[in-house]
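File shown: run00.cif (mmCIF, C-alpha atoms).
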```
data_input
#
loop_
_atom_site.label_atom_id
_atom_site.label_comp_id
_atom_site.auth_asym_id
_atom_site.auth_seq_id
_atom_site.Cartn_x
_atom_site.Cartn_y
_atom_site.Cartn_z
CA MET B 204 0.00 0.00 0.00
CA ALA B 205 1.48 3.33 -1.02
CA LEU B 206 1.25 6.03 1.58
CA PRO B 207 3.08 9.34 2.00
CA SER B 208 6.64 9.00 3.26
CA SER B 209 7.19 12.68 3.83
CA PRO B 210 5.05 15.75 4.43
CA SER B 211 5.88 16.99 0.96
CA ASP B 212 4.16 13.93 -0.50
CA ALA B 213 0.99 14.43 1.53
CA ALA B 214 -1.59 17.10 1.98
CA ALA B 215 -0.19 19.95 4.07
CA PRO B 216 -0.25 18.86 7.71
CA ASP B 217 -2.51 20.73 10.08
CA ALA B 218 -0.36 22.94 12.32
CA GLU B 219 -2.62 22.67 15.36
CA ARG B 220 -2.74 18.87 15.19
CA LEU B 221 1.00 18.63 14.61
CA LEU B 222 1.66 20.94 17.55
CA GLY B 223 -0.38 18.61 19.76
CA LEU B 224 1.67 15.64 18.59
CA TYR B 225 4.83 17.68 19.14
CA ALA B 226 3.75 18.20 22.76
CA THR B 227 3.32 14.44 23.18
CA MET B 228 6.81 13.88 21.77
CA GLN B 229 8.26 16.41 24.19
CA ARG B 230 6.37 14.73 27.07
CA ILE B 231 7.90 11.39 26.15
CA ARG B 232 11.42 12.83 25.71
CA VAL B 233 11.29 14.76 29.00
CA PHE B 234 9.78 11.81 30.88
CA GLU B 235 12.53 9.48 29.72
CA THR B 236 15.30 12.02 30.32
CA LEU B 237 14.10 12.47 33.91
CA ALA B 238 13.65 8.71 34.34
CA ASP B 239 17.23 8.20 33.14
CA GLU B 240 18.51 10.74 35.65
CA ALA B 241 16.47 9.16 38.44
CA HIS B 242 17.82 5.73 37.54
CA LYS B 243 21.40 6.96 37.63
CA ALA B 244 20.67 8.57 41.01
CA GLY B 245 19.52 5.24 42.40
CA GLN B 246 15.91 6.33 42.67
CA VAL B 247 14.66 3.75 40.14
CA ALA B 248 15.51 0.11 40.70
CA GLY B 249 16.21 -2.38 37.94
CA TYR B 250 16.81 -1.63 34.31
CA ILE B 251 15.00 0.95 32.23
CA HIS B 252 14.96 0.95 28.44
CA LEU B 253 14.70 4.33 26.75
CA SER B 254 13.07 5.10 23.42
CA ILE B 255 14.72 8.48 22.96
CA GLY B 256 14.80 9.12 19.21
CA GLN B 257 11.67 7.08 18.48
CA GLU B 258 9.02 9.46 19.88
CA ALA B 259 7.30 10.29 16.61
CA ILE B 260 5.98 6.75 16.16
CA ALA B 261 4.39 6.48 19.59
CA ALA B 262 2.93 9.99 19.45
CA ALA B 263 1.45 9.68 15.97
CA VAL B 264 0.04 6.16 16.33
CA GLY B 265 -1.37 6.94 19.77
CA ALA B 266 -3.12 10.05 18.48
CA ASN B 267 -5.09 7.96 16.01
CA LEU B 268 -6.47 5.57 18.63
CA ARG B 269 -9.59 5.77 20.75
CA GLU B 270 -9.39 5.34 24.49
CA ASP B 271 -11.17 1.99 24.23
CA ASP B 272 -8.66 0.64 21.72
CA VAL B 273 -5.97 -1.51 23.28
CA LEU B 274 -2.25 -1.81 22.78
CA THR B 275 0.68 -3.88 23.86
CA SER B 276 4.23 -2.67 24.11
CA THR B 277 7.83 -3.79 24.40
CA HIS B 278 10.17 -3.36 27.34
CA ARG B 279 10.79 0.09 25.80
CA GLY B 280 7.24 1.19 26.55
CA HIS B 281 7.24 4.57 28.28
CA GLY B 282 6.39 6.43 25.08
CA HIS B 283 3.59 4.07 24.06
CA THR B 284 2.05 4.34 27.52
CA ILE B 285 2.17 8.13 27.56
CA ALA B 286 0.77 8.33 24.03
CA LYS B 287 -2.14 6.11 25.05
CA GLY B 288 -3.05 8.61 27.75
CA ALA B 289 -1.57 7.25 30.98
CA ASP B 290 -0.86 9.66 33.82
CA PRO B 291 2.90 10.48 33.99
CA LEU B 292 2.71 10.85 37.78
CA ALA B 293 1.38 7.30 38.12
CA MET B 294 4.08 6.14 35.70
CA PHE B 295 6.85 7.82 37.72
CA ARG B 296 5.44 6.22 40.85
CA GLU B 297 5.57 2.88 39.08
CA LEU B 298 9.20 3.33 38.07
CA CYS B 299 10.11 4.41 41.59
CA GLY B 300 8.23 1.49 43.15
CA ARG B 301 5.80 3.71 45.03
CA ALA B 302 2.17 3.32 46.00
CA GLY B 303 -0.11 4.81 43.40
CA GLY B 304 1.95 3.48 40.51
CA THR B 305 0.10 2.14 37.48
CA CYS B 306 0.77 -1.39 38.79
CA GLY B 307 0.86 -0.45 42.46
CA GLY B 308 4.59 0.09 42.26
CA LYS B 309 5.24 -3.61 41.72
CA GLY B 310 5.76 -3.80 37.97
CA GLY B 311 8.45 -1.25 37.32
CA SER B 312 9.52 0.14 33.97
CA MET B 313 9.29 -3.07 31.95
CA HIS B 314 5.79 -3.99 33.16
CA ILE B 315 3.87 -0.75 33.06
CA ALA B 316 0.21 -1.36 32.32
CA ASP B 317 -2.83 0.86 32.62
CA PHE B 318 -6.04 -0.89 31.66
CA SER B 319 -8.03 2.30 32.27
CA VAL B 320 -6.61 3.72 29.02
CA GLY B 321 -6.35 0.43 27.14
CA MET B 322 -2.64 -0.06 27.75
CA LEU B 323 -2.38 -3.81 28.28
CA GLY B 324 1.22 -3.76 29.26
CA ALA B 325 4.86 -3.38 28.50
CA ASN B 326 6.72 -6.65 28.46
CA GLY B 327 10.15 -7.84 29.50
CA VAL B 328 10.16 -10.73 27.03
CA VAL B 329 11.02 -9.87 23.43
CA ALA B 330 8.04 -10.47 21.10
CA ALA B 331 5.72 -11.51 23.94
CA GLY B 332 3.37 -8.59 23.30
CA LEU B 333 2.52 -9.87 19.81
CA PRO B 334 0.35 -12.87 20.78
CA ILE B 335 -1.21 -10.87 23.60
CA ALA B 336 -2.34 -8.18 21.16
CA VAL B 337 -3.66 -10.79 18.74
CA GLY B 338 -5.54 -12.48 21.56
CA ALA B 339 -7.10 -9.15 22.47
CA ALA B 340 -7.99 -8.56 18.82
CA HIS B 341 -9.64 -11.97 18.61
CA ALA B 342 -11.72 -11.20 21.69
CA ILE B 343 -12.78 -7.90 20.11
CA ALA B 344 -13.79 -9.73 16.91
CA LEU B 345 -15.77 -12.36 18.80
CA LYS B 346 -17.68 -9.61 20.60
CA GLY B 347 -18.41 -7.83 17.32
CA GLU B 348 -16.94 -4.56 18.55
CA ASP B 349 -15.30 -1.87 16.45
CA ARG B 350 -12.30 -1.43 18.73
CA ILE B 351 -8.86 -2.37 17.49
CA ALA B 352 -5.66 -3.70 19.00
CA VAL B 353 -2.24 -2.23 18.29
CA CYS B 354 1.01 -4.03 18.87
CA PHE B 355 4.35 -2.24 19.07
CA PHE B 356 7.48 -4.32 18.71
CA GLY B 357 11.06 -3.88 17.59
CA ASP B 358 12.92 -5.31 14.64
CA GLY B 359 14.67 -7.76 16.96
CA ALA B 360 11.27 -9.34 17.77
CA THR B 361 10.79 -10.35 14.14
CA ASN B 362 13.43 -13.07 14.60
CA ARG B 363 11.43 -14.79 17.34
CA GLY B 364 8.71 -17.41 17.02
CA PRO B 365 5.82 -15.40 18.53
CA PHE B 366 6.13 -12.95 15.62
CA LEU B 367 5.28 -15.66 13.08
CA GLU B 368 2.58 -17.22 15.26
CA ALA B 369 0.87 -13.91 15.95
CA LEU B 370 0.88 -12.68 12.36
CA ASN B 371 -0.32 -16.02 11.05
CA TRP B 372 -3.23 -16.12 13.50
CA ALA B 373 -4.19 -12.52 12.82
CA ALA B 374 -4.16 -13.08 9.07
CA ALA B 375 -6.02 -16.40 9.22
CA PHE B 376 -8.89 -14.84 11.17
CA ARG B 377 -8.65 -11.31 9.66
CA LEU B 378 -8.39 -9.80 13.11
CA PRO B 379 -8.55 -6.07 13.88
CA VAL B 380 -4.93 -5.54 14.76
CA LEU B 381 -2.31 -3.06 13.63
CA PHE B 382 1.27 -4.31 13.89
CA VAL B 383 3.78 -1.50 14.36
CA CYS B 384 7.42 -2.46 13.88
CA GLU B 385 9.74 0.17 15.32
CA ASP B 386 12.83 -0.68 13.30
CA ASN B 387 15.76 1.09 14.93
CA GLY B 388 18.32 -1.21 13.37
CA TYR B 389 19.42 -2.86 16.60
CA GLY B 390 18.15 -5.87 18.52
CA ALA B 391 19.45 -5.07 22.00
CA THR B 392 23.19 -4.55 21.30
CA THR B 393 23.36 -6.34 17.96
CA ARG B 394 22.84 -4.80 14.56
CA THR B 395 19.68 -6.58 13.44
CA GLY B 396 20.72 -6.93 9.83
CA SER B 397 23.71 -9.03 10.85
CA VAL B 398 21.52 -11.78 12.33
CA SER B 399 18.46 -11.62 10.06
CA ALA B 400 17.96 -13.66 6.92
CA GLY B 401 15.79 -12.61 4.02
CA GLY B 402 14.20 -9.34 3.16
CA GLY B 403 13.27 -8.09 6.59
CA PRO B 404 10.11 -7.54 8.65
CA GLY B 405 7.91 -6.32 5.82
CA VAL B 406 8.72 -9.22 3.53
CA ARG B 407 7.91 -11.66 6.31
CA ALA B 408 4.55 -9.99 6.95
CA GLU B 409 3.68 -9.90 3.26
CA SER B 410 4.46 -13.61 2.98
CA LEU B 411 1.54 -14.17 5.35
CA GLY B 412 -0.77 -11.96 3.34
CA ILE B 413 -0.64 -8.90 5.58
CA PRO B 414 -0.34 -5.57 3.72
CA VAL B 415 2.75 -3.58 4.65
CA THR B 416 3.26 0.17 4.76
CA VAL B 417 6.79 1.51 5.10
CA VAL B 418 7.26 4.94 6.61
CA ASP B 419 10.04 7.20 7.82
CA GLY B 420 9.40 6.76 11.54
CA ASN B 421 11.12 10.04 12.43
CA ASP B 422 8.83 12.07 10.18
CA LEU B 423 5.96 12.97 12.50
CA ALA B 424 3.50 14.07 9.83
CA ALA B 425 4.21 11.03 7.66
CA VAL B 426 3.67 8.60 10.54
CA ASP B 427 0.47 10.42 11.48
CA ALA B 428 -0.88 10.14 7.93
CA ALA B 429 0.08 6.47 7.66
CA ALA B 430 -1.36 5.58 11.06
CA ALA B 431 -4.63 7.38 10.30
CA ALA B 432 -5.06 5.43 7.07
CA LEU B 433 -4.18 2.07 8.58
CA VAL B 434 -6.32 2.49 11.70
CA ARG B 435 -9.23 3.36 9.43
CA ILE B 436 -8.72 0.16 7.43
CA VAL B 437 -8.39 -2.06 10.48
CA ARG B 438 -11.40 -0.51 12.24
CA GLY B 439 -13.43 -0.86 9.08
CA GLY B 440 -12.98 -4.62 8.96
CA GLY B 441 -10.05 -4.73 6.54
CA GLY B 442 -8.06 -7.18 8.62
CA PRO B 443 -4.56 -6.84 10.04
CA GLN B 444 -2.16 -4.22 8.75
CA PHE B 445 1.59 -3.83 9.21
CA LEU B 446 3.36 -0.50 9.67
CA HIS B 447 7.12 -0.74 9.20
CA ALA B 448 8.53 2.45 10.72
CA ARG B 449 12.24 3.04 10.28
CA THR B 450 13.79 5.00 13.13
CA TYR B 451 16.91 5.27 15.29
CA ARG B 452 17.45 4.84 19.02
CA PHE B 453 19.84 7.48 20.36
CA ARG B 454 20.67 5.67 23.58
CA GLY B 455 22.00 2.22 24.41
CA HIS B 456 19.84 -0.82 24.98
CA THR B 457 19.36 0.04 28.65
CA SER B 458 19.95 3.16 30.67
CA SER B 459 23.22 1.57 31.85
CA ASP B 460 24.45 0.71 28.35
CA PRO B 461 26.91 3.28 26.92
CA ALA B 462 26.44 1.73 23.44
CA ALA B 463 30.18 1.50 22.89
CA TYR B 464 29.53 -1.03 20.11
CA ARG B 465 28.18 1.75 17.88
CA ASP B 466 30.30 4.10 15.82
CA PRO B 467 30.08 7.53 17.53
CA ALA B 468 29.99 9.14 14.09
CA GLU B 469 26.86 7.15 13.26
CA VAL B 470 25.11 8.32 16.42
CA GLN B 471 26.19 11.93 15.94
CA ALA B 472 24.99 11.95 12.35
CA GLN B 473 21.59 10.73 13.47
CA LEU B 474 21.45 13.34 16.23
CA ASP B 475 22.38 16.07 13.76
CA THR B 476 19.99 15.15 10.98
CA ASN B 477 17.34 12.73 12.18
CA ASP B 478 16.10 13.81 15.60
CA PRO B 479 12.31 13.52 15.23
CA ILE B 480 11.66 16.39 17.62
CA ARG B 481 13.97 18.76 15.77
CA ARG B 482 12.49 17.64 12.47
CA ALA B 483 8.95 18.23 13.77
CA ALA B 484 9.98 21.65 15.06
CA ALA B 485 11.32 22.54 11.61
CA THR B 486 8.08 21.38 9.99
CA LEU B 487 6.04 23.45 12.45
CA ALA B 488 8.22 26.50 11.81
CA GLY B 489 7.47 26.08 8.14
CA LEU B 490 3.76 26.13 8.98
CA GLY B 491 4.13 29.42 10.82
CA VAL B 492 4.49 28.23 14.41
CA THR B 493 6.83 30.59 16.24
CA PRO B 494 9.93 29.57 18.23
CA ASP B 495 8.26 31.04 21.32
CA ALA B 496 5.26 28.73 20.91
CA LEU B 497 7.55 25.70 20.63
CA GLU B 498 9.54 26.82 23.65
CA ARG B 499 6.33 27.18 25.68
CA VAL B 500 5.40 23.59 24.88
CA GLU B 501 8.80 22.27 25.93
CA ARG B 502 8.88 24.40 29.09
CA HIS B 503 5.40 23.25 30.09
CA GLU B 504 6.38 19.60 29.75
CA ARG B 505 9.67 20.10 31.62
CA GLU B 506 7.97 21.86 34.53
CA THR B 507 4.98 19.51 34.69
CA LEU B 508 7.03 16.34 34.58
CA ALA B 509 9.68 17.59 37.01
CA ALA B 510 6.87 18.25 39.48
CA ALA B 511 5.43 14.79 38.78
CA LEU B 512 8.75 13.07 39.47
CA ALA B 513 9.20 15.04 42.69
CA ALA B 514 5.69 14.06 43.78
CA ALA B 515 6.40 10.42 42.91
CA LEU B 516 9.58 10.39 44.99
CA ASP B 517 7.60 11.92 47.85
CA SER B 518 4.94 9.19 47.64
CA PRO B 519 4.83 6.36 50.19
CA TRP B 520 6.12 2.89 49.55
CA PRO B 521 3.45 0.22 48.95
CA ASP B 522 2.01 -1.40 52.05
CA LEU B 523 3.82 -4.68 52.68
CA ARG B 524 0.43 -6.36 53.01
CA THR B 525 -0.10 -5.81 49.27
CA ALA B 526 3.04 -7.73 48.30
CA PHE B 527 1.09 -10.82 47.25
CA THR B 528 -1.97 -9.11 45.76
CA ASP B 529 -2.42 -8.60 42.01
CA VAL B 530 0.45 -10.90 41.15
CA GLN B 531 -0.49 -14.56 41.35
CA ASP B 532 -2.59 -16.72 43.64
CA ILE B 533 0.15 -19.28 44.09
CA GLY B 534 2.28 -18.27 47.03
CA ALA B 535 -0.25 -15.95 48.63
CA PRO B 536 -0.58 -16.25 52.41
CA GLN B 537 -3.59 -18.32 53.46
#
```
Output the file's structure as structure tokens, nothing else.
Amino acid sequence: MALPSSPSDAAAPDAERLLGLYATMQRIRVFETLADEAHKAGQVAGYIHLSIGQEAIAAAVGANLREDDVLTSTHRGHGHTIAKGADPLAMFRELCGRAGGTCGGKGGSMHIADFSVGMLGANGVVAAGLPIAVGAAHAIALKGEDRIAVCFFGDGATNRGPFLEALNWAAAFRLPVLFVCEDNGYGATTRTGSVSAGGGPGVRAESLGIPVTVVDGNDLAAVDAAAAALVRIVRGGGGPQFLHARTYRFRGHTSSDPAAYRDPAEVQAQLDTNDPIRRAAATLAGLGVTPDALERVERHERETLAAALAAALDSPWPDLRTAFTDVQDIGAPQ
């Protein structure tokens, strides 16, 4: 399916809508920057995986969903969760292990879920979100509803079995699911192309009969246009669709990974030319949005999220009596 790959190919983007998406991107970038600092300060336990550089995909896809649509994420799920409408304060509490977190402070970064906004969960197992999303889509189909499921995953997930199983099931039953491959070129610390046979994620999806749309994932307007078209098809009963969004992750695999395996020149070139936030700002400037307006958006997100993190760190720890609730019946005190 041919869709616009750049704003110049599409109808002129709406400045007001794009500015709203820009604010979501800034919220994601600021949230993750603060989370990274908090992790390095010992205020967040465990690993966190940042999606800095990939914000346009989460913001644009999320903006085309309804609150009652559902999505699954990867272990790099802060951006998806924010874009689906979760409260950043509750998310910070979750990362910091505090009461009031989206999972009661017991899930942490890799297991953020917020069913109230249709976010079914980040996942610490590569590709595990794919069958969960397809299962949700099958339930939606059986109920005859017009909701859809969206599944975010990375290019590394396409080398795992659940990818094939999920796409096959979705195609066989024409389920209402949108697969979104965030292809940043790396599976954890390995360049994906060095361990992948064949023509890549899109070719694999097409082999199962699922239409594929390729988009520049750092072009906010292009992702928005592609997502709008694909969500419309899926919601209208057109069966599963596959969005292959090419992007770049500016940080290492985890917050503790300096990414020494990457050529610094490669990273710098991406920072200089392919930062989705800077590209969106340039697009907005071309539409007449002033530098002051962009600065107000960024300042608002910085101040709001800094206050949210401070409030999270000031929140109480979960009551020890809740340690065995919400997790699993086996092992609970009798």
Residue contacts of Asp419 (chain B) (12 Å, only C-alpha atoms) excluding same-chain residues fewer than 5 positions away, as a PyMOL selection string:
chain B and resi 206-210+257+259-260+384-387+424-430+446-451+477-479+482
How about saving the chosen residues, C-alpha atoms kept, as a short mmCIF file (atom, residue, chain, number, x, y, z; two decimals), in the frame of the given file?
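Below you can see selection.cif, which holds the result:
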```cif
data_model
loop_
_atom_site.label_atom_id
_atom_site.label_comp_id
_atom_site.auth_asym_id
_atom_site.auth_seq_id
_atom_site.Cartn_x
_atom_site.Cartn_y
_atom_site.Cartn_z
CA LEU B 206 1.25 6.03 1.58
CA PRO B 207 3.08 9.34 2.00
CA SER B 208 6.64 9.00 3.26
CA SER B 209 7.19 12.68 3.83
CA PRO B 210 5.05 15.75 4.43
CA GLN B 257 11.67 7.08 18.48
CA ALA B 259 7.30 10.29 16.61
CA ILE B 260 5.98 6.75 16.16
CA CYS B 384 7.42 -2.46 13.88
CA GLU B 385 9.74 0.17 15.32
CA ASP B 386 12.83 -0.68 13.30
CA ASN B 387 15.76 1.09 14.93
CA ALA B 424 3.50 14.07 9.83
CA ALA B 425 4.21 11.03 7.66
CA VAL B 426 3.67 8.60 10.54
CA ASP B 427 0.47 10.42 11.48
CA ALA B 428 -0.88 10.14 7.93
CA ALA B 429 0.08 6.47 7.66
CA ALA B 430 -1.36 5.58 11.06
CA LEU B 446 3.36 -0.50 9.67
CA HIS B 447 7.12 -0.74 9.20
CA ALA B 448 8.53 2.45 10.72
CA ARG B 449 12.24 3.04 10.28
CA THR B 450 13.79 5.00 13.13
CA TYR B 451 16.91 5.27 15.29
CA ASN B 477 17.34 12.73 12.18
CA ASP B 478 16.10 13.81 15.60
CA PRO B 479 12.31 13.52 15.23
CA ARG B 482 12.49 17.64 12.47
#
```
Figure out the distance between CA of Met322 (chain B) and CA of Leu423 (chain B), please, to one decimal in Å.
21.8 Å
Between B:Arg296, B:Arg301, B:His242, B:Arg350, which residue has the minimum interatomic distance to Gly321 (chain B), considering all atoms listed in the file?
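For Gly321 (chain B), the nearest of the given residues is B:Arg350.
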Take the PyMOL selection byres ((chain B and resi 230) around 12), run it mentally on this structure, and tell me the resulting residues as a PDB file with C-alpha atoms, in the coordinates of the input.
```pdb
ATOM      1  CA  GLY B 223      -0.380  18.610  19.760  1.00  0.00           C
ATOM      2  CA  LEU B 224       1.670  15.640  18.590  1.00  0.00           C
ATOM      3  CA  TYR B 225       4.830  17.680  19.140  1.00  0.00           C
ATOM      4  CA  ALA B 226       3.750  18.200  22.760  1.00  0.00           C
ATOM      5  CA  THR B 227       3.320  14.440  23.180  1.00  0.00           C
ATOM      6  CA  MET B 228       6.810  13.880  21.770  1.00  0.00           C
ATOM      7  CA  GLN B 229       8.260  16.410  24.190  1.00  0.00           C
ATOM      8  CA  ILE B 231       7.900  11.390  26.150  1.00  0.00           C
ATOM      9  CA  ARG B 232      11.420  12.830  25.710  1.00  0.00           C
ATOM     10  CA  VAL B 233      11.290  14.760  29.000  1.00  0.00           C
ATOM     11  CA  PHE B 234       9.780  11.810  30.880  1.00  0.00           C
ATOM     12  CA  GLU B 235      12.530   9.480  29.720  1.00  0.00           C
ATOM     13  CA  THR B 236      15.300  12.020  30.320  1.00  0.00           C
ATOM     14  CA  LEU B 237      14.100  12.470  33.910  1.00  0.00           C
ATOM     15  CA  ALA B 238      13.650   8.710  34.340  1.00  0.00           C
ATOM     16  CA  ILE B 255      14.720   8.480  22.960  1.00  0.00           C
ATOM     17  CA  GLU B 258       9.020   9.460  19.880  1.00  0.00           C
ATOM     18  CA  ALA B 259       7.300  10.290  16.610  1.00  0.00           C
ATOM     19  CA  ALA B 261       4.390   6.480  19.590  1.00  0.00           C
ATOM     20  CA  ALA B 262       2.930   9.990  19.450  1.00  0.00           C
ATOM     21  CA  HIS B 281       7.240   4.570  28.280  1.00  0.00           C
ATOM     22  CA  GLY B 282       6.390   6.430  25.080  1.00  0.00           C
ATOM     23  CA  HIS B 283       3.590   4.070  24.060  1.00  0.00           C
ATOM     24  CA  THR B 284       2.050   4.340  27.520  1.00  0.00           C
ATOM     25  CA  ILE B 285       2.170   8.130  27.560  1.00  0.00           C
ATOM     26  CA  ALA B 286       0.770   8.330  24.030  1.00  0.00           C
ATOM     27  CA  GLY B 288      -3.050   8.610  27.750  1.00  0.00           C
ATOM     28  CA  ALA B 289      -1.570   7.250  30.980  1.00  0.00           C
ATOM     29  CA  ASP B 290      -0.860   9.660  33.820  1.00  0.00           C
ATOM     30  CA  PRO B 291       2.900  10.480  33.990  1.00  0.00           C
ATOM     31  CA  LEU B 292       2.710  10.850  37.780  1.00  0.00           C
ATOM     32  CA  ILE B 480      11.660  16.390  17.620  1.00  0.00           C
ATOM     33  CA  VAL B 500       5.400  23.590  24.880  1.00  0.00           C
ATOM     34  CA  GLU B 501       8.800  22.270  25.930  1.00  0.00           C
ATOM     35  CA  ARG B 502       8.880  24.400  29.090  1.00  0.00           C
ATOM     36  CA  HIS B 503       5.400  23.250  30.090  1.00  0.00           C
ATOM     37  CA  GLU B 504       6.380  19.600  29.750  1.00  0.00           C
ATOM     38  CA  ARG B 505       9.670  20.100  31.620  1.00  0.00           C
ATOM     39  CA  GLU B 506       7.970  21.860  34.530  1.00  0.00           C
ATOM     40  CA  THR B 507       4.980  19.510  34.690  1.00  0.00           C
ATOM     41  CA  LEU B 508       7.030  16.340  34.580  1.00  0.00           C
ATOM     42  CA  ALA B 509       9.680  17.590  37.010  1.00  0.00           C
ATOM     43  CA  ALA B 511       5.430  14.790  38.780  1.00  0.00           C
TER      44      ALA B 511
END
```
Two-atom distance - CA of Ala431 (chain B), CA of Gly390 (chain B) (Å)
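So the answer is 27.6 Å.
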Which residues, written as a PyMOL selection string, have at least one atom at most 10 Å from Leu378 (chain B), with only C-alpha atoms counted and residues fewer than 3 positions away on the same chain left out?
chain B and resi 337-345+351-352+370+372-375+381+437-438+440-444
For Leu497 (chain B), which residue out of B:Ala218, B:Thr525, B:Lys346, B:Ala468 is the nearest one, using all atoms listed in the file?
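Of B:Ala218, B:Thr525, B:Lys346, B:Ala468, the one nearest Leu497 (chain B), counting all atoms listed in the file, is B:Ala218.
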Rank B:Phe366, B:Ala391, B:Val383, B:Arg435 by their smallest atom-to-atom distance to Arg269 (chain B), using all atoms listed in the file, and report the top residue only.
B:Arg435
Between B:Thr361, B:Asp349, B:Cys299, B:Val247, single out the one closest to Val406 (chain B), counting all atoms listed in the file.
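Of B:Thr361, B:Asp349, B:Cys299, B:Val247, the one nearest Val406 (chain B), counting all atoms listed in the file, is B:Thr361.
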When you draw a straight line from CA of Cys306 (chain B) to CA of His456 (chain B), how long is it in Å?
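These atoms are spaced 23.6 Å apart.
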Looking at only C-alpha atoms, which of B:Asp475, B:Asp358, B:Glu469, B:Asp239 is the one that sits closest to Ser312 (chain B)?
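For Ser312 (chain B), the nearest of the given residues is B:Asp239.
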Target residues per the PyMOL selection byres ((chain B and resi 515-523) around 10), formatted as a ChimeraX atom specification
/B:241,246-247,291-304,307-309,509-514,524-527
